[in-house]
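Asker: target00.txt is reproduced below (compact mmCIF, C-alpha atoms).
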# COMPACT_ATOMS: atom_id res chain seq x y z
CA MET A 1 -16.96 8.18 -14.88
CA ALA A 2 -14.25 7.62 -12.28
CA GLY A 3 -10.91 8.66 -13.70
CA GLN A 4 -12.65 10.60 -16.47
CA SER A 5 -13.54 14.27 -16.82
CA ARG A 6 -16.42 15.51 -14.67
CA PRO A 7 -19.81 15.69 -16.39
CA GLN A 8 -20.43 19.11 -17.81
CA GLN A 9 -23.55 19.52 -15.74
CA ALA A 10 -21.80 18.80 -12.45
CA LYS A 11 -20.56 22.35 -11.96
CA ASP A 12 -24.13 23.60 -12.17
CA LEU A 13 -25.68 21.09 -9.76
CA GLN A 14 -27.03 22.80 -6.67
CA ASP A 15 -29.97 21.87 -4.45
CA PRO A 16 -32.78 24.12 -5.74
CA PRO A 17 -35.17 25.68 -3.24
CA ALA A 18 -38.20 24.20 -5.04
CA PRO A 19 -39.62 21.81 -6.01
CA GLY A 20 -36.82 20.11 -4.13
CA ARG A 21 -35.46 16.62 -4.38
CA HIS A 22 -37.43 15.52 -7.43
CA SER A 23 -36.05 18.18 -9.76
CA LEU A 24 -32.55 17.64 -8.37
CA ARG A 25 -32.95 13.91 -9.07
CA ASP A 26 -33.84 14.75 -12.65
CA THR A 27 -30.72 16.90 -12.98
CA VAL A 28 -28.53 14.17 -11.50
CA GLU A 29 -30.08 11.60 -13.82
CA GLU A 30 -29.37 13.84 -16.80
CA ALA A 31 -25.73 14.16 -15.71
CA LEU A 32 -25.44 10.37 -15.47
CA ARG A 33 -27.09 9.96 -18.87
CA GLU A 34 -24.60 12.41 -20.37
CA ALA A 35 -21.73 10.48 -18.78
CA LEU A 36 -23.03 7.20 -20.20
CA LEU A 37 -23.71 8.57 -23.68
CA THR A 38 -20.25 10.08 -24.01
CA GLY A 39 -18.45 7.09 -22.52
CA ARG A 40 -17.21 8.64 -19.28
CA PHE A 41 -18.31 5.48 -17.48
CA VAL A 42 -15.92 2.63 -18.26
CA PRO A 43 -17.60 -0.80 -18.62
CA GLY A 44 -16.75 -3.08 -15.72
CA ARG A 45 -15.10 -0.37 -13.61
CA ALA A 46 -17.03 0.07 -10.37
CA VAL A 47 -17.68 3.39 -8.64
CA THR A 48 -19.32 4.15 -5.31
CA LEU A 49 -22.51 6.02 -4.61
CA ARG A 50 -20.64 8.36 -2.29
CA GLY A 51 -17.97 8.97 -4.94
CA LEU A 52 -20.59 9.89 -7.54
CA ALA A 53 -22.33 12.19 -5.08
CA GLN A 54 -19.06 13.96 -4.30
CA GLU A 55 -18.22 14.32 -7.98
CA LEU A 56 -21.64 15.77 -8.74
CA LYS A 57 -21.58 17.94 -5.61
CA VAL A 58 -24.92 16.66 -4.28
CA SER A 59 -26.12 14.49 -1.42
CA PRO A 60 -26.24 10.70 -1.95
CA MET A 61 -30.06 10.50 -1.98
CA PRO A 62 -30.75 11.93 -5.50
CA VAL A 63 -27.79 9.95 -6.85
CA ARG A 64 -29.19 6.74 -5.34
CA GLU A 65 -32.58 7.40 -6.95
CA ALA A 66 -31.05 8.23 -10.34
CA VAL A 67 -28.81 5.15 -10.26
CA ARG A 68 -31.80 2.93 -9.46
CA ALA A 69 -33.64 4.35 -12.48
CA MET A 70 -30.62 3.68 -14.69
CA ALA A 71 -30.29 0.16 -13.29
CA ALA A 72 -33.95 -0.52 -14.07
CA GLY A 73 -33.14 0.29 -17.70
CA HIS A 74 -30.02 -1.96 -17.64
CA ALA A 75 -27.66 0.96 -18.28
CA LEU A 76 -26.05 0.50 -14.85
CA GLU A 77 -25.93 -2.36 -12.40
CA ILE A 78 -25.74 -2.26 -8.62
CA ARG A 79 -23.47 -4.98 -7.25
CA ALA A 80 -24.03 -6.87 -4.01
CA ASN A 81 -21.41 -4.73 -2.25
CA GLY A 82 -23.28 -1.56 -3.27
CA ARG A 83 -20.80 -0.48 -5.92
CA ILE A 84 -22.13 0.72 -9.28
CA GLN A 85 -20.85 -0.15 -12.73
CA VAL A 86 -21.71 -0.35 -16.40
CA PRO A 87 -22.52 -3.98 -17.25
CA THR A 88 -19.78 -5.80 -19.14
CA MET A 89 -20.64 -6.22 -22.81
CA THR A 90 -20.88 -9.78 -24.14
CA PRO A 91 -21.51 -11.06 -27.69
CA PRO A 92 -25.07 -12.25 -26.89
CA ARG A 93 -25.96 -8.94 -25.23
CA LEU A 94 -24.57 -6.88 -28.10
CA ALA A 95 -26.42 -9.09 -30.60
CA GLU A 96 -29.69 -8.35 -28.81
CA ILE A 97 -28.98 -4.62 -28.75
CA VAL A 98 -28.21 -4.63 -32.48
CA LYS A 99 -31.41 -6.55 -33.23
CA ALA A 100 -33.48 -4.19 -31.11
CA ARG A 101 -31.92 -1.11 -32.70
CA LEU A 102 -32.57 -2.42 -36.21
CA LEU A 103 -36.19 -3.09 -35.30
CA LEU A 104 -36.92 0.22 -33.57
CA GLU A 105 -34.76 3.01 -34.98
CA PRO A 106 -35.60 2.63 -38.69
CA GLU A 107 -39.26 2.51 -37.65
CA LEU A 108 -38.91 5.81 -35.80
CA ALA A 109 -37.03 7.34 -38.73
CA GLN A 110 -39.71 6.34 -41.20
CA ALA A 111 -42.42 7.78 -38.97
CA ALA A 112 -40.43 11.00 -38.58
CA ALA A 113 -39.91 11.62 -42.31
CA ALA A 114 -43.29 13.27 -42.88
CA ARG A 115 -42.62 15.72 -40.04
CA LEU A 116 -39.17 16.75 -41.23
CA GLY A 117 -38.12 18.83 -44.19
CA PRO A 118 -35.45 21.08 -45.76
CA ARG A 119 -34.93 23.25 -42.64
CA ASP A 120 -34.39 20.16 -40.53
CA ALA A 121 -32.02 18.79 -43.18
CA ALA A 122 -29.98 21.99 -42.90
CA ARG A 123 -29.78 21.64 -39.12
CA LEU A 124 -28.77 17.99 -39.44
CA ALA A 125 -26.11 18.94 -42.00
CA ALA A 126 -24.67 21.49 -39.56
CA ILE A 127 -24.44 18.81 -36.87
CA ASP A 128 -22.88 16.39 -39.34
CA ASP A 129 -20.21 18.94 -40.28
CA ARG A 130 -19.25 19.13 -36.61
CA ILE A 131 -19.27 15.32 -36.45
CA ASP A 132 -16.84 15.16 -39.36
CA ALA A 133 -14.57 17.69 -37.63
CA SER A 134 -14.60 15.64 -34.41
CA LEU A 135 -13.70 12.49 -36.35
CA ASP A 136 -10.86 14.25 -38.14
CA GLY A 137 -9.59 15.48 -34.78
CA GLY A 138 -9.90 12.12 -33.06
CA ASP A 139 -12.32 13.56 -30.49
CA ALA A 140 -14.43 10.49 -29.66
CA GLU A 141 -16.36 12.10 -26.81
CA THR A 142 -17.54 15.02 -28.94
CA TYR A 143 -18.35 12.63 -31.77
CA MET A 144 -20.55 10.54 -29.48
CA ARG A 145 -22.42 13.56 -28.16
CA LEU A 146 -23.06 14.95 -31.65
CA ASN A 147 -23.93 11.56 -33.13
CA HIS A 148 -26.59 11.16 -30.43
CA SER A 149 -27.91 14.64 -31.22
CA PHE A 150 -28.07 13.83 -34.94
CA HIS A 151 -30.03 10.60 -34.52
CA PHE A 152 -32.38 11.84 -31.85
CA MET A 153 -33.25 15.00 -33.77
CA ILE A 154 -34.73 12.59 -36.31
CA TYR A 155 -36.27 10.17 -33.83
CA ARG A 156 -37.98 12.78 -31.67
CA ALA A 157 -39.78 14.12 -34.72
CA ALA A 158 -41.73 10.85 -34.89
CA GLY A 159 -43.60 11.90 -31.74
CA SER A 160 -43.56 8.38 -30.31
CA GLN A 161 -44.17 8.01 -26.58
CA VAL A 162 -43.42 4.26 -26.66
CA LEU A 163 -40.57 3.60 -29.09
CA LEU A 164 -38.44 6.64 -28.25
CA PRO A 165 -37.83 5.71 -24.57
CA LEU A 166 -36.91 2.18 -25.66
CA VAL A 167 -34.35 3.51 -28.12
CA GLU A 168 -32.95 5.90 -25.52
CA SER A 169 -32.46 2.93 -23.18
CA LEU A 170 -30.57 1.01 -25.87
CA TRP A 171 -28.21 3.93 -26.49
CA LEU A 172 -27.43 4.18 -22.79
CA GLN A 173 -26.55 0.50 -22.77
CA PHE A 174 -24.14 0.39 -25.72
CA ALA A 175 -22.55 3.87 -25.57
CA PRO A 176 -19.93 3.18 -22.86
CA PHE A 177 -18.74 0.09 -24.73
CA MET A 178 -18.67 2.11 -27.96
CA ARG A 179 -16.35 4.65 -26.34
CA THR A 180 -14.01 1.86 -25.23
CA VAL A 181 -13.81 0.46 -28.75
CA TYR A 182 -13.15 3.91 -30.24
CA GLY A 183 -10.31 4.27 -27.79
CA ARG A 184 -8.75 1.12 -29.23
CA VAL A 185 -9.33 1.55 -32.96
CA GLY A 186 -9.57 5.34 -33.24
CA THR A 187 -12.25 7.43 -34.92
CA PHE A 188 -10.74 7.10 -38.40
CA ALA A 189 -12.40 3.67 -38.73
CA LEU A 190 -15.90 5.12 -38.40
CA VAL A 191 -18.16 5.16 -41.44
CA ASP A 192 -21.66 6.60 -41.29
CA HIS A 193 -24.64 7.14 -43.57
CA HIS A 194 -25.56 10.60 -42.36
CA LYS A 195 -25.35 12.22 -45.78
CA GLU A 196 -27.95 9.77 -47.12
CA ALA A 197 -30.15 10.43 -44.11
CA ILE A 198 -29.90 14.20 -44.61
CA GLU A 199 -30.90 13.93 -48.25
CA ALA A 200 -33.84 11.68 -47.32
CA VAL A 201 -34.98 14.24 -44.74
CA ARG A 202 -34.66 17.05 -47.28
CA THR A 203 -36.85 15.20 -49.79
CA ARG A 204 -39.15 13.66 -47.17
CA ASP A 205 -38.33 10.19 -48.53
CA ALA A 206 -39.46 7.91 -45.70
CA ALA A 207 -38.14 4.68 -47.26
CA ALA A 208 -34.71 6.21 -47.95
CA LEU A 209 -34.49 7.60 -44.42
CA ARG A 210 -35.39 4.22 -42.97
CA GLU A 211 -32.67 2.52 -45.03
CA ALA A 212 -30.03 5.17 -44.22
CA VAL A 213 -30.62 4.75 -40.49
CA ALA A 214 -30.51 0.94 -40.76
CA ALA A 215 -27.26 1.09 -42.75
CA ASP A 216 -25.77 3.50 -40.21
CA ILE A 217 -26.59 1.13 -37.36
CA ARG A 218 -25.06 -1.85 -39.17
CA CYS A 219 -21.81 0.01 -39.88
CA GLY A 220 -21.46 1.24 -36.31
CA MET A 221 -22.30 -2.06 -34.71
CA ASP A 222 -19.97 -4.01 -37.03
CA LEU A 223 -17.16 -1.89 -35.60
CA LEU A 224 -18.30 -2.57 -32.04
CA ASP A 225 -18.36 -6.29 -32.80
CA THR A 226 -14.60 -6.19 -33.41
CA GLY A 227 -14.08 -4.96 -29.85
CA LEU A 228 -15.64 -8.03 -28.24
CA PRO A 229 -13.44 -10.84 -26.94
CA ASP A 230 -13.68 -14.03 -29.02
CA ALA A 231 -16.09 -12.35 -31.42
CA GLY A 232 -17.53 -14.68 -34.03
CA PRO A 233 -19.43 -13.64 -37.14
CA SER A 234 -20.79 -10.11 -37.15
CA VAL A 235 -23.78 -9.71 -34.85
CA ALA A 236 -25.21 -7.18 -37.28
CA GLU A 237 -25.73 -9.81 -39.95
What do you get writing this file as structure tokens?
Answerer:
Amino acid sequence: MAGQSRPQQAKDLQDPPAPGRHSLRDTVEEALREALLTGRFVPGRAVTLRGLAQELKVSPMPVREAVRAMAAGHALEIRANGRIQVPTMTPPRLAEIVKARLLLEPELAQAAAARLGPRDAARLAAIDDRIDASLDGGDAETYMRLNHSFHFMIYRAAGSQVLLPLVESLWLQFAPFMRTVYGRVGTFALVDHHKEAIEAVRTRDAAALREAVAADIRCGMDLLDTGLPDAGPSVAE
């Protein structure tokens, strides 16, 4: 986040009169999540708790609580000197993330298919049109925000209270690294399977939606694999 644009929510962060610190903590945590998901945190670059608090215009306490929650989910790490950073991505770690995504996200998509239909397909298509525009314009941050919206519109429809938080945690872990890779290779290299997913939603084809999501993950993670130092065979295989 340091050296990047301020999270959109930061300008709106003010200590509310009630219910107090808890709701402010939630708002701070949402701002940090947004920063992670759009790649404003740079992997391996440390920031301070005080610096984050100043950037978000809040006291250090809610930031400390939010950072601890993110660290518990492995999206951030707190170093011995108290500085905060996104963990450095390694081939074994990325391989585990890919495996977990391929296990969980197609499962959520398949469960969601019966609860989605033509109206949802139209909304997904509108998001995908904006995704295409962001790719054409080389706007990686907007692409990442919209890509998250596209996938999680599908996943939330599954109504899972167990799998969805796990998938959210995985996205927080790989997104900052994704943004770094896009900065190197550009957005023109991205290939997705959103059109297939939209058609599967429109027809309520659970098997097709499952396969479209799995194919989308493999394409995206193959690209990320190229950004790792000394990368061997594709971790998505």
Asker: Quote the spacing between CA of Ile97 (chain A) and CA of Val42 (chain A) in Å to one decimal place.
Answerer: 18.3 Å
Asker: Env of region 119-124 of chain A: 6 Å cut, atoms = only C-alpha atoms, seq-sep filter 3 positions within chain, self excluded. Answer as a PyMOL selection string.
Answerer: chain A and resi 116+127+198+201-202
Asker: Between A:Ala197, A:Val191, A:Val86, A:Leu102, which is the closest to Val67 (chain A) once you count only C-alpha atoms?
Answerer: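 Looking only at the distances to Val67 (chain A), the closest residue turns out to be A:Val86.
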Asker: What gap, in Å, lies between CA of Gly44 (chain A) and CA of Arg79 (chain A)?
Answerer: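 The value is 11.0 Å.
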Asker: Excluding region 161-173 of chain A and any residue of its chain fewer than 5 positions from it, enumerate the residues within 10 Å of it, using all atoms listed in the file, and give them as a ChimeraX atom specification.
Answerer: /A:32-39,43,70,72-76,86-89,93-94,96-98,100-101,103-105,107-108,148,152,155-156,178
Asker: What is the CA of His151 (chain A) to CA of Ala215 (chain A) distance in Å?
Answerer: 12.9 Å
Asker: Residues near Asn147 (chain A), anyone? I mean within 8 Å using all atoms listed in the file, not counting same-chain ones fewer than 3 positions away, as a ChimeraX atom specification.
Answerer: /A:128,131,143-144,150-151
